[in-house]
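Chemist: As input, take my_file_34.cif (mmCIF, C-alpha atoms):
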data_entry
loop_
_atom_site.label_atom_id
_atom_site.label_comp_id
_atom_site.auth_asym_id
_atom_site.auth_seq_id
_atom_site.Cartn_x
_atom_site.Cartn_y
_atom_site.Cartn_z
CA MET A 1 -75.60 -2.20 51.81
CA SER A 2 -75.64 -0.25 55.08
CA GLU A 3 -73.11 -2.75 56.45
CA THR A 4 -70.86 -1.96 53.52
CA LEU A 5 -71.06 1.75 54.27
CA GLU A 6 -69.80 1.12 57.78
CA LEU A 7 -66.75 -0.75 56.60
CA ILE A 8 -63.50 1.16 56.54
CA ASP A 9 -61.45 1.27 53.34
CA GLU A 10 -58.87 -1.25 54.51
CA GLU A 11 -61.63 -3.79 55.37
CA ILE A 12 -63.11 -3.37 51.91
CA VAL A 13 -59.68 -3.87 50.34
CA GLU A 14 -59.32 -7.07 52.35
CA LYS A 15 -62.67 -8.29 50.98
CA VAL A 16 -61.67 -7.47 47.40
CA ARG A 17 -58.41 -9.30 47.88
CA SER A 18 -60.22 -12.34 49.20
CA GLY A 19 -62.30 -12.56 46.03
CA ASP A 20 -65.31 -10.25 46.49
CA HIS A 21 -64.38 -8.11 43.52
CA ASP A 22 -67.71 -6.25 43.53
CA PHE A 23 -66.65 -4.48 46.70
CA TYR A 24 -64.18 -2.49 44.63
CA SER A 25 -67.10 -0.44 43.34
CA VAL A 26 -67.56 0.88 46.90
CA ILE A 27 -63.98 2.12 46.87
CA ILE A 28 -64.49 3.76 43.48
CA GLU A 29 -67.69 5.49 44.62
CA ARG A 30 -66.01 6.73 47.78
CA TYR A 31 -63.02 8.24 46.05
CA LYS A 32 -63.78 9.19 42.47
CA ASP A 33 -65.06 12.72 43.19
CA LYS A 34 -62.32 13.57 45.68
CA LEU A 35 -59.66 12.21 43.35
CA LEU A 36 -61.10 14.11 40.39
CA ARG A 37 -60.91 17.38 42.28
CA TYR A 38 -57.36 16.62 43.37
CA ALA A 39 -56.26 15.64 39.85
CA THR A 40 -57.98 18.69 38.33
CA ASN A 41 -56.04 20.95 40.68
CA LEU A 42 -52.85 19.34 39.44
CA VAL A 43 -53.46 19.25 35.69
CA HIS A 44 -56.10 22.00 35.32
CA ASP A 45 -58.02 19.99 32.75
CA ASN A 46 -61.17 18.00 33.51
CA ASP A 47 -60.78 15.42 30.74
CA LYS A 48 -57.18 14.70 31.59
CA ALA A 49 -58.11 14.53 35.25
CA SER A 50 -60.85 11.97 34.45
CA HIS A 51 -58.32 9.82 32.62
CA ILE A 52 -55.90 10.11 35.50
CA VAL A 53 -58.53 9.04 38.03
CA GLN A 54 -59.70 6.09 35.94
CA ASP A 55 -56.15 4.91 35.25
CA SER A 56 -55.22 5.33 38.91
CA LEU A 57 -58.18 3.28 40.12
CA ILE A 58 -57.31 0.53 37.60
CA LYS A 59 -53.65 0.58 38.69
CA ALA A 60 -54.72 0.45 42.32
CA TYR A 61 -56.86 -2.63 41.60
CA ILE A 62 -54.06 -4.39 39.70
CA ASN A 63 -51.57 -3.68 42.50
CA LEU A 64 -53.96 -4.19 45.41
CA TYR A 65 -51.73 -6.82 46.99
CA GLY A 66 -48.92 -4.27 47.00
CA PHE A 67 -50.91 -2.13 49.44
CA ASN A 68 -49.91 -2.53 53.08
CA ILE A 69 -53.19 -3.11 54.90
CA LYS A 70 -51.78 -1.55 58.09
CA LYS A 71 -51.54 1.81 56.36
CA LYS A 72 -54.21 4.20 55.12
CA PHE A 73 -55.71 3.29 51.76
CA SER A 74 -56.60 6.94 51.21
CA ASN A 75 -52.94 8.01 51.25
CA TRP A 76 -52.02 5.16 48.92
CA ILE A 77 -54.63 6.00 46.28
CA TYR A 78 -53.80 9.71 46.45
CA ARG A 79 -50.14 8.80 45.92
CA ILE A 80 -51.05 6.83 42.78
CA VAL A 81 -53.08 9.78 41.45
CA HIS A 82 -50.17 12.11 42.25
CA ASN A 83 -47.78 9.91 40.24
CA GLU A 84 -50.18 9.65 37.31
CA ALA A 85 -50.78 13.40 37.36
CA MET A 86 -47.06 14.16 37.44
CA ASN A 87 -46.55 11.88 34.43
CA MET A 88 -49.32 13.78 32.63
CA VAL A 89 -47.84 17.16 33.60
CA LYS A 90 -44.44 16.10 32.24
CA LYS A 91 -46.02 14.77 29.06
CA TYR A 92 -47.97 17.97 28.33
CA LYS A 93 -45.71 20.50 30.01
CA ASN A 94 -45.59 22.69 26.91
CA GLU A 95 -49.33 22.86 26.61
CA VAL A 96 -51.23 25.72 28.18
CA PRO A 97 -53.88 24.15 30.42
CA ILE A 98 -57.42 25.40 29.96
CA LEU A 99 -59.92 24.85 32.73
CA ASP A 100 -63.29 23.67 31.45
CA ASP A 101 -66.29 25.87 32.04
CA PHE A 102 -68.39 24.79 34.95
CA ASP A 103 -71.85 23.53 34.04
CA PHE A 104 -74.66 24.70 36.24
CA GLU A 105 -76.94 21.80 36.94
CA SER A 106 -79.97 23.92 37.59
CA ASP A 107 -81.22 27.34 36.57
CA GLU A 108 -82.41 27.95 40.09
CA TYR A 109 -79.41 28.68 42.19
CA ILE A 110 -79.30 31.03 45.04
CA LEU A 111 -76.84 33.83 45.55
CA LYS A 112 -74.89 31.92 48.20
CA GLU A 113 -74.23 29.05 45.83
CA PHE A 114 -73.13 31.51 43.19
CA GLU A 115 -70.74 33.18 45.60
CA GLU A 116 -69.33 29.83 46.70
CA ARG A 117 -68.81 28.86 43.11
CA GLU A 118 -67.18 32.17 42.32
CA THR A 119 -64.93 31.82 45.34
CA LYS A 120 -64.03 28.30 44.29
CA ILE A 121 -63.15 29.46 40.77
CA TYR A 122 -61.18 32.34 42.23
CA VAL A 123 -59.26 30.05 44.60
CA GLU A 124 -58.62 27.60 41.76
CA LYS A 125 -57.30 30.46 39.61
CA CYS A 126 -54.98 31.49 42.43
CA LEU A 127 -53.89 27.88 42.90
CA LYS A 128 -53.15 27.67 39.17
CA SER A 129 -50.92 30.69 39.41
CA ILE A 130 -48.53 29.24 41.95
CA PRO A 131 -46.01 26.45 41.27
CA ILE A 132 -47.33 22.91 41.62
CA ILE A 133 -44.99 22.07 44.50
CA TYR A 134 -46.80 24.70 46.58
CA SER A 135 -50.33 24.38 45.21
CA GLU A 136 -50.44 20.62 45.75
CA PRO A 137 -49.98 20.55 49.54
CA LEU A 138 -52.28 23.53 49.84
CA SER A 139 -55.01 21.80 47.88
CA LEU A 140 -54.56 18.59 49.88
CA TYR A 141 -54.75 20.45 53.17
CA TYR A 142 -57.66 22.78 52.51
CA LEU A 143 -59.70 21.00 49.85
CA ASP A 144 -59.10 17.37 50.80
CA ASP A 145 -58.77 17.86 54.57
CA LYS A 146 -55.48 15.99 54.78
CA SER A 147 -53.18 16.41 57.76
CA TYR A 148 -49.50 17.31 57.39
CA GLU A 149 -48.61 13.69 58.13
CA GLU A 150 -50.95 12.43 55.42
CA ILE A 151 -49.58 14.98 52.94
CA SER A 152 -46.08 13.79 53.84
CA ASP A 153 -47.16 10.21 53.07
CA ILE A 154 -48.82 11.14 49.79
CA LEU A 155 -46.07 13.37 48.43
CA ARG A 156 -43.23 11.31 49.94
CA ILE A 157 -41.56 14.32 51.49
CA PRO A 158 -40.59 14.91 55.14
CA MET A 159 -43.11 16.62 57.43
CA GLY A 160 -40.77 19.61 57.80
CA THR A 161 -40.79 20.08 54.02
CA VAL A 162 -44.60 19.95 54.01
CA ALA A 163 -44.68 22.70 56.65
CA ILE A 164 -42.20 24.85 54.71
CA ARG A 165 -44.10 24.42 51.44
CA MET A 166 -47.41 25.21 53.15
CA SER A 167 -46.00 28.36 54.64
CA ARG A 168 -44.56 29.51 51.30
CA ALA A 169 -47.76 28.54 49.49
CA LYS A 170 -49.87 30.66 51.85
CA LYS A 171 -47.59 33.65 51.32
CA LEU A 172 -47.70 33.16 47.54
CA MET A 173 -51.50 32.76 47.57
CA LYS A 174 -51.89 35.91 49.63
CA TYR A 175 -49.59 37.86 47.33
CA ILE A 176 -51.11 36.62 44.07
CA CYS A 177 -54.75 36.74 45.16
CA GLN A 178 -54.42 40.21 46.63
CA LYS A 179 -52.65 41.40 43.50
CA ASN A 180 -55.48 40.09 41.33
CA MET B 1 -68.07 16.63 35.43
CA SER B 2 -67.31 14.62 32.32
CA LYS B 3 -69.51 11.74 31.19
CA GLU B 4 -66.50 9.50 31.41
CA LEU B 5 -66.22 10.03 35.14
CA LYS B 6 -69.93 9.41 35.65
CA ASN B 7 -69.42 5.98 34.12
CA ILE B 8 -66.10 5.34 35.74
CA THR B 9 -67.47 2.81 38.22
CA ASP B 10 -69.23 0.85 35.47
CA ASN B 11 -66.18 1.05 33.18
CA ILE B 12 -63.83 -0.33 35.77
CA MET B 13 -66.21 -2.92 37.20
CA ASP B 14 -67.01 -4.19 33.68
CA GLN B 15 -63.32 -4.64 32.99
CA ILE B 16 -62.95 -6.51 36.28
CA HIS B 17 -65.92 -8.81 35.54
CA GLU B 18 -64.68 -9.47 32.01
CA LYS B 19 -61.24 -10.21 33.52
CA LYS B 20 -59.62 -7.59 31.30
CA ILE B 21 -57.86 -6.35 34.41
CA LYS B 22 -56.59 -8.75 37.04
CA MET B 23 -54.91 -8.32 40.39
CA ARG B 24 -51.24 -9.19 40.45
CA PRO B 25 -50.66 -12.14 42.79
CA LYS B 26 -49.29 -11.66 46.28
CA ALA B 27 -46.15 -13.63 45.34
CA TYR B 28 -45.28 -10.93 42.78
CA PHE B 29 -44.96 -8.29 45.51
CA ILE B 30 -43.21 -10.60 47.99
CA LEU B 31 -40.66 -11.51 45.31
CA GLY B 32 -40.28 -7.82 44.39
CA SER B 33 -39.56 -6.90 48.03
CA ILE B 34 -37.06 -9.73 48.42
CA LEU B 35 -35.27 -8.80 45.20
CA THR B 36 -35.16 -5.12 46.19
CA PHE B 37 -33.68 -6.03 49.56
CA VAL B 38 -31.14 -8.43 48.02
CA GLY B 39 -30.23 -5.78 45.42
CA LEU B 40 -29.72 -3.16 48.13
CA VAL B 41 -27.53 -5.43 50.26
CA SER B 42 -25.55 -6.57 47.19
CA SER B 43 -24.92 -3.02 46.04
CA VAL B 44 -23.68 -2.07 49.52
CA VAL B 45 -21.40 -5.14 49.71
CA ILE B 46 -20.03 -4.56 46.20
CA SER B 47 -19.44 -0.87 46.90
CA ILE B 48 -17.62 -1.62 50.18
CA PHE B 49 -15.52 -4.30 48.53
CA LEU B 50 -14.59 -2.06 45.63
CA PHE B 51 -13.68 0.87 47.86
CA GLY B 52 -11.38 -1.50 49.78
CA PHE B 53 -10.04 -2.72 46.46
CA ILE B 54 -9.29 0.83 45.32
CA ARG B 55 -7.37 1.48 48.56
CA PHE B 56 -5.47 -1.76 48.01
CA SER B 57 -4.55 -0.97 44.42
CA LEU B 58 -3.31 2.48 45.43
CA ARG B 59 -1.18 0.94 48.16
CA THR B 60 0.45 -1.59 45.83
CA HIS B 61 2.28 1.28 44.22
CA GLY B 62 4.27 1.87 47.36
CA PRO B 63 4.70 4.72 49.77
CA MET B 64 6.14 7.03 47.09
CA ALA B 65 2.83 7.18 45.31
CA SER B 66 3.24 10.71 44.06
CA TYR B 67 6.32 9.67 42.04
CA ARG B 68 4.53 6.73 40.54
CA LEU B 69 1.58 8.53 39.04
CA ASP B 70 2.22 7.08 35.59
CA GLN B 71 2.17 3.57 37.03
CA ILE B 72 -1.02 4.26 38.89
CA LEU B 73 -2.62 5.59 35.73
CA SER B 74 -1.49 2.63 33.65
CA ASN B 75 -2.19 -0.13 36.19
CA PHE B 76 -5.05 1.28 38.18
CA PRO B 77 -8.26 -0.73 37.76
CA TRP B 78 -10.53 2.07 36.57
CA TRP B 79 -13.48 -0.24 36.32
CA ALA B 80 -13.44 -0.53 40.13
CA PRO B 81 -14.42 3.07 40.96
CA VAL B 82 -16.92 3.04 38.09
CA LEU B 83 -18.54 -0.12 39.47
CA ALA B 84 -18.36 1.27 43.01
CA ILE B 85 -20.21 4.40 41.92
CA VAL B 86 -22.76 2.34 39.97
CA GLY B 87 -23.23 0.19 43.10
CA LEU B 88 -23.74 3.31 45.20
CA VAL B 89 -26.23 4.83 42.79
CA MET B 90 -28.13 1.52 42.60
CA GLY B 91 -28.16 1.32 46.39
CA ILE B 92 -29.49 4.86 46.74
CA TRP B 93 -32.13 4.22 44.08
CA LEU B 94 -33.25 1.04 45.82
CA LEU B 95 -33.23 2.81 49.18
CA ARG B 96 -35.72 5.32 47.79
CA LYS B 97 -38.17 2.49 47.24
CA TYR B 98 -38.40 1.92 50.97
CA ASP B 99 -41.24 3.62 52.78
CA PHE B 100 -39.19 5.24 55.51
CA SER B 101 -36.73 6.93 53.13
CA PHE B 102 -38.91 9.96 52.31
CA LYS B 103 -39.36 10.83 55.98
CA VAL B 104 -35.69 11.63 56.31
CA ASN B 105 -34.10 14.45 54.34
CA PHE B 106 -32.86 12.67 51.23
CA LYS B 107 -29.58 14.60 51.12
CA ILE B 108 -28.79 13.20 54.57
CA VAL B 109 -29.71 9.68 53.39
CA ILE B 110 -27.36 9.97 50.38
CA ILE B 111 -24.48 11.47 52.37
CA GLY B 112 -24.97 8.91 55.16
CA PHE B 113 -25.09 6.04 52.67
CA ILE B 114 -21.92 7.12 50.85
CA LEU B 115 -20.08 7.74 54.14
CA ALA B 116 -21.20 4.35 55.47
CA VAL B 117 -19.87 2.62 52.34
CA ILE B 118 -16.53 4.48 52.43
CA VAL B 119 -16.08 3.95 56.18
CA GLY B 120 -17.17 0.32 55.76
CA GLY B 121 -14.57 -0.18 53.00
CA TRP B 122 -11.87 1.46 55.13
CA VAL B 123 -12.75 -0.58 58.24
CA MET B 124 -12.86 -3.83 56.26
CA ASP B 125 -9.50 -3.00 54.75
CA SER B 126 -7.97 -1.98 58.09
CA ILE B 127 -9.09 -4.99 60.10
CA GLY B 128 -8.16 -7.40 57.34
CA LEU B 129 -11.63 -8.70 56.64
CA ASN B 130 -10.82 -8.40 52.97
CA ASP B 131 -8.25 -11.18 53.38
CA VAL B 132 -11.09 -13.50 54.26
CA LEU B 133 -12.92 -12.38 51.13
CA ILE B 134 -9.80 -13.05 49.04
CA ARG B 135 -9.56 -16.58 50.34
CA ARG B 136 -13.19 -17.57 50.63
CA GLY B 137 -15.49 -14.86 49.44
CA PRO B 138 -17.18 -14.51 46.08
CA MET B 139 -14.74 -11.75 45.11
CA GLN B 140 -11.62 -13.95 45.30
CA GLY B 141 -11.51 -14.32 41.51
CA ILE B 142 -11.27 -10.56 40.98
CA MET B 143 -8.45 -10.20 43.52
CA ARG B 144 -6.45 -13.15 42.21
CA GLN B 145 -6.78 -11.90 38.65
CA TYR B 146 -5.72 -8.40 39.63
CA MET B 147 -2.71 -9.64 41.63
CA GLN B 148 -1.65 -11.98 38.83
CA ASP B 149 -2.02 -9.30 36.16
CA ASN B 150 0.12 -6.87 38.14
CA ASN B 151 2.64 -9.39 39.48
CA ILE B 152 1.64 -8.62 43.01
CA GLN B 153 2.32 -11.23 45.64
CA GLY B 154 0.77 -10.82 49.06
CA GLU B 155 0.80 -12.56 52.39
CA GLN B 156 -2.56 -13.57 53.66
CA GLY B 157 -3.96 -13.85 57.10
CA SER B 158 -1.85 -11.10 58.60
CA GLY B 159 -4.97 -9.36 59.80
CA SER B 160 -3.72 -6.05 58.55
CA GLY B 161 -5.56 -5.60 55.29
CA TRP B 162 -4.87 -6.11 51.62
CA GLY B 163 -1.37 -5.46 50.44
CA ARG B 164 0.08 -4.68 53.83
CA ASN B 165 2.72 -7.35 53.21
CA LEU B 166 3.36 -7.58 49.53
CA THR B 167 5.93 -7.86 46.84
CA HIS B 168 5.67 -5.86 43.65
CA SER B 169 7.77 -7.45 40.92
CA ASN B 170 7.32 -5.26 37.86
CA ILE B 171 10.45 -5.06 35.74
CA ASN B 172 11.07 -1.41 36.50
CA ASP B 173 9.96 -1.72 40.04
CA THR B 174 12.46 -2.30 42.78
CA PHE B 175 10.63 -1.91 46.05
CA HIS B 176 10.00 -4.91 48.23
CA ILE B 177 8.01 -4.77 51.40
CA ASP B 178 7.87 -8.45 52.12
CA SER B 179 9.05 -11.29 49.99
CA GLU B 180 6.89 -14.12 51.27
CA VAL B 181 5.03 -15.93 48.54
CA PRO B 182 1.39 -16.42 49.36
CA ASN B 183 -0.62 -19.55 48.80
CA LEU B 184 -3.21 -18.02 46.56
#
Produce C-alpha cells that represent the structure in this file.

Modeler:
Amino acid sequence: MSETLELIDEEIVEKVRSGDHDFYSVIIERYKDKLLRYATNLVHDNDKASHIVQDSLIKAYINLYGFNIKKKFSNWIYRIVHNEAMNMVKKYKNEVPILDDFDFESDEYILKEFEERETKIYVEKCLKSIPIIYSEPLSLYYLDDKSYEEISDILRIPMGTVAIRMSRAKKLMKYICQKN
Amino acid sequence: MSKELKNITDNIMDQIHEKKIKMRPKAYFILGSILTFVGLVSSVVISIFLFGFIRFSLRTHGPMASYRLDQILSNFPWWAPVLAIVGLVMGIWLLRKYDFSFKVNFKIVIIGFILAVIVGGWVMDSIGLNDVLIRRGPMQGIMRQYMQDNNIQGEQGSGSGWGRNLTHSNINDTFHIDSEVPNL
C-alpha cells in the first residue's frame, strides 16, 4: 500500500488503463474531498456538489483513455468537475442556493478551530457574493493551491485572463467583505 | 459531508467491478481525434473554395457590376456564402476542441481564422489554383453545374483564376471577354 501512496496520479492512471481497475480507488480517495470543496464553492449546495463529484469521477473513468498521460491528471479531473458544475448551475440557475449547515464532529472543539471555521464560513459567504467567473479562480488559487498556469488549464482561459480575473476578484472580495 | 460522498469510493468501485461502467476503448479517442482533424481541414478547404467561388460568381457579371445588381441577385448562388459561413463556424467550433486554442485570446483565433480563409480564397483565386480544382478536384461538379446553369463558358489553365477569360451568353447579356470554348 505504501508503494501505491508513492505513485503519482499519472502512474496510477496508467495502471488502471492496463487493467488494474482497483487502483482507481486510490485516485478517488486522493481527490474526492478536494473536488467536493471545489464543487461546493461553485454550486453552494453540498448534495449537488456530491452528485457532481461522483458523476465527474465516473466520467473520468469512462474517458480515461482520453486523458493525455503527459499532462497533469489533477487539472483534467478539475476540468471535468468544472464542466459538470457549470451544467448544474445552468440547470438550476433560478434556484436560490442554500449552503448546508456544517456539522461539528465533536463537542470538544477549541477556540482556534471555531475561529477557523467561522473564517471559512465568512470567506465562503464572501465568495458566494461575487460572480462565479471571479470566485472560481480565487477558490482554485487560495483553497486548492493551484498556480495561474493550472487555473488556465482547468478553466480553459489564457493566463492573462486568469490574472485579470484574480485581480478583479480580490478587489471585489475586499469591497464585499469589508462592507459586510 | 453527505453520506453519499462517504460511500463514493465504494459506489464507484462497485459499479466498476459489476461492469456497469466501462472505459471507452483507446480506438474511440483516436478515431475522434482523426475525425475532428479531418472535419477541421475539410471546413477550411470548403470555406476557401466557396469564398473563391463567390468571387468568381461576382466577376461573371462583368466589370459594370453595379448596373447588374438585379442579375447578381437573381443568379447569385446564395447557398455558397451560407455554406461558407457554416464551414467557418464548424471550423471555429472544431478549433476550440484543440488544447492550445484556449491559451490564445479566442477573439484573435476567430479573426485570424476568418482572415486566413478569406485570404486563402483570394490567393487561390488569384493564382489560378481553382482551375485545377475545376478540372480535377472534388468540387468540379459544383463549378460545372454553376457554369452550365448560367451559360458561362470559361477558358481553363490560364493561371489567372476563375472567370478571368469567360463568355457570358445570357439572352439579355451582350458582354464578351473571351469567346474561347473550354473543354469542360

Chemist: Determine the residue membership of the PyMOL selection byres ((chain A) within 7 of (chain B)) for the file above and supply it as a PyMOL selection string.

Modeler: chain A and resi 25+28-29+47+50+54+58+61-66+156-158

Chemist: Identify, on the basis of all atoms listed in the file, every residue whose closest approach to A:Lys70 does not exceed 10 Å; exclude the query and any residue fewer than 3 positions from it along the same chain; express the result as a PyMOL selection string.

Modeler: chain A and resi 10+67+73

Chemist: Given the PyMOL selection byres ((chain A and resi 5) around 12) and the file above, list the residues it selects as a PyMOL selection string.

Modeler: chain A and resi 1-4+6-9+11-12+23+25-27+29-30

Chemist: Could you tell me how far atom CA of B:Gly91 lies from atom CA of B:Leu40, in Å and to one decimal?

Modeler: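 A separation of 5.1 Å between them.
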
Chemist: Please provide as a ChimeraX atom specification all residues within 9 Å of stretch 129-146 of chain A, with the sequence filter that same-chain residues fewer than 6 positions apart are discarded (counting only C-alpha atoms).

Modeler: /A:34,37-38,41-42,152,155,162,165-170,172-173,176
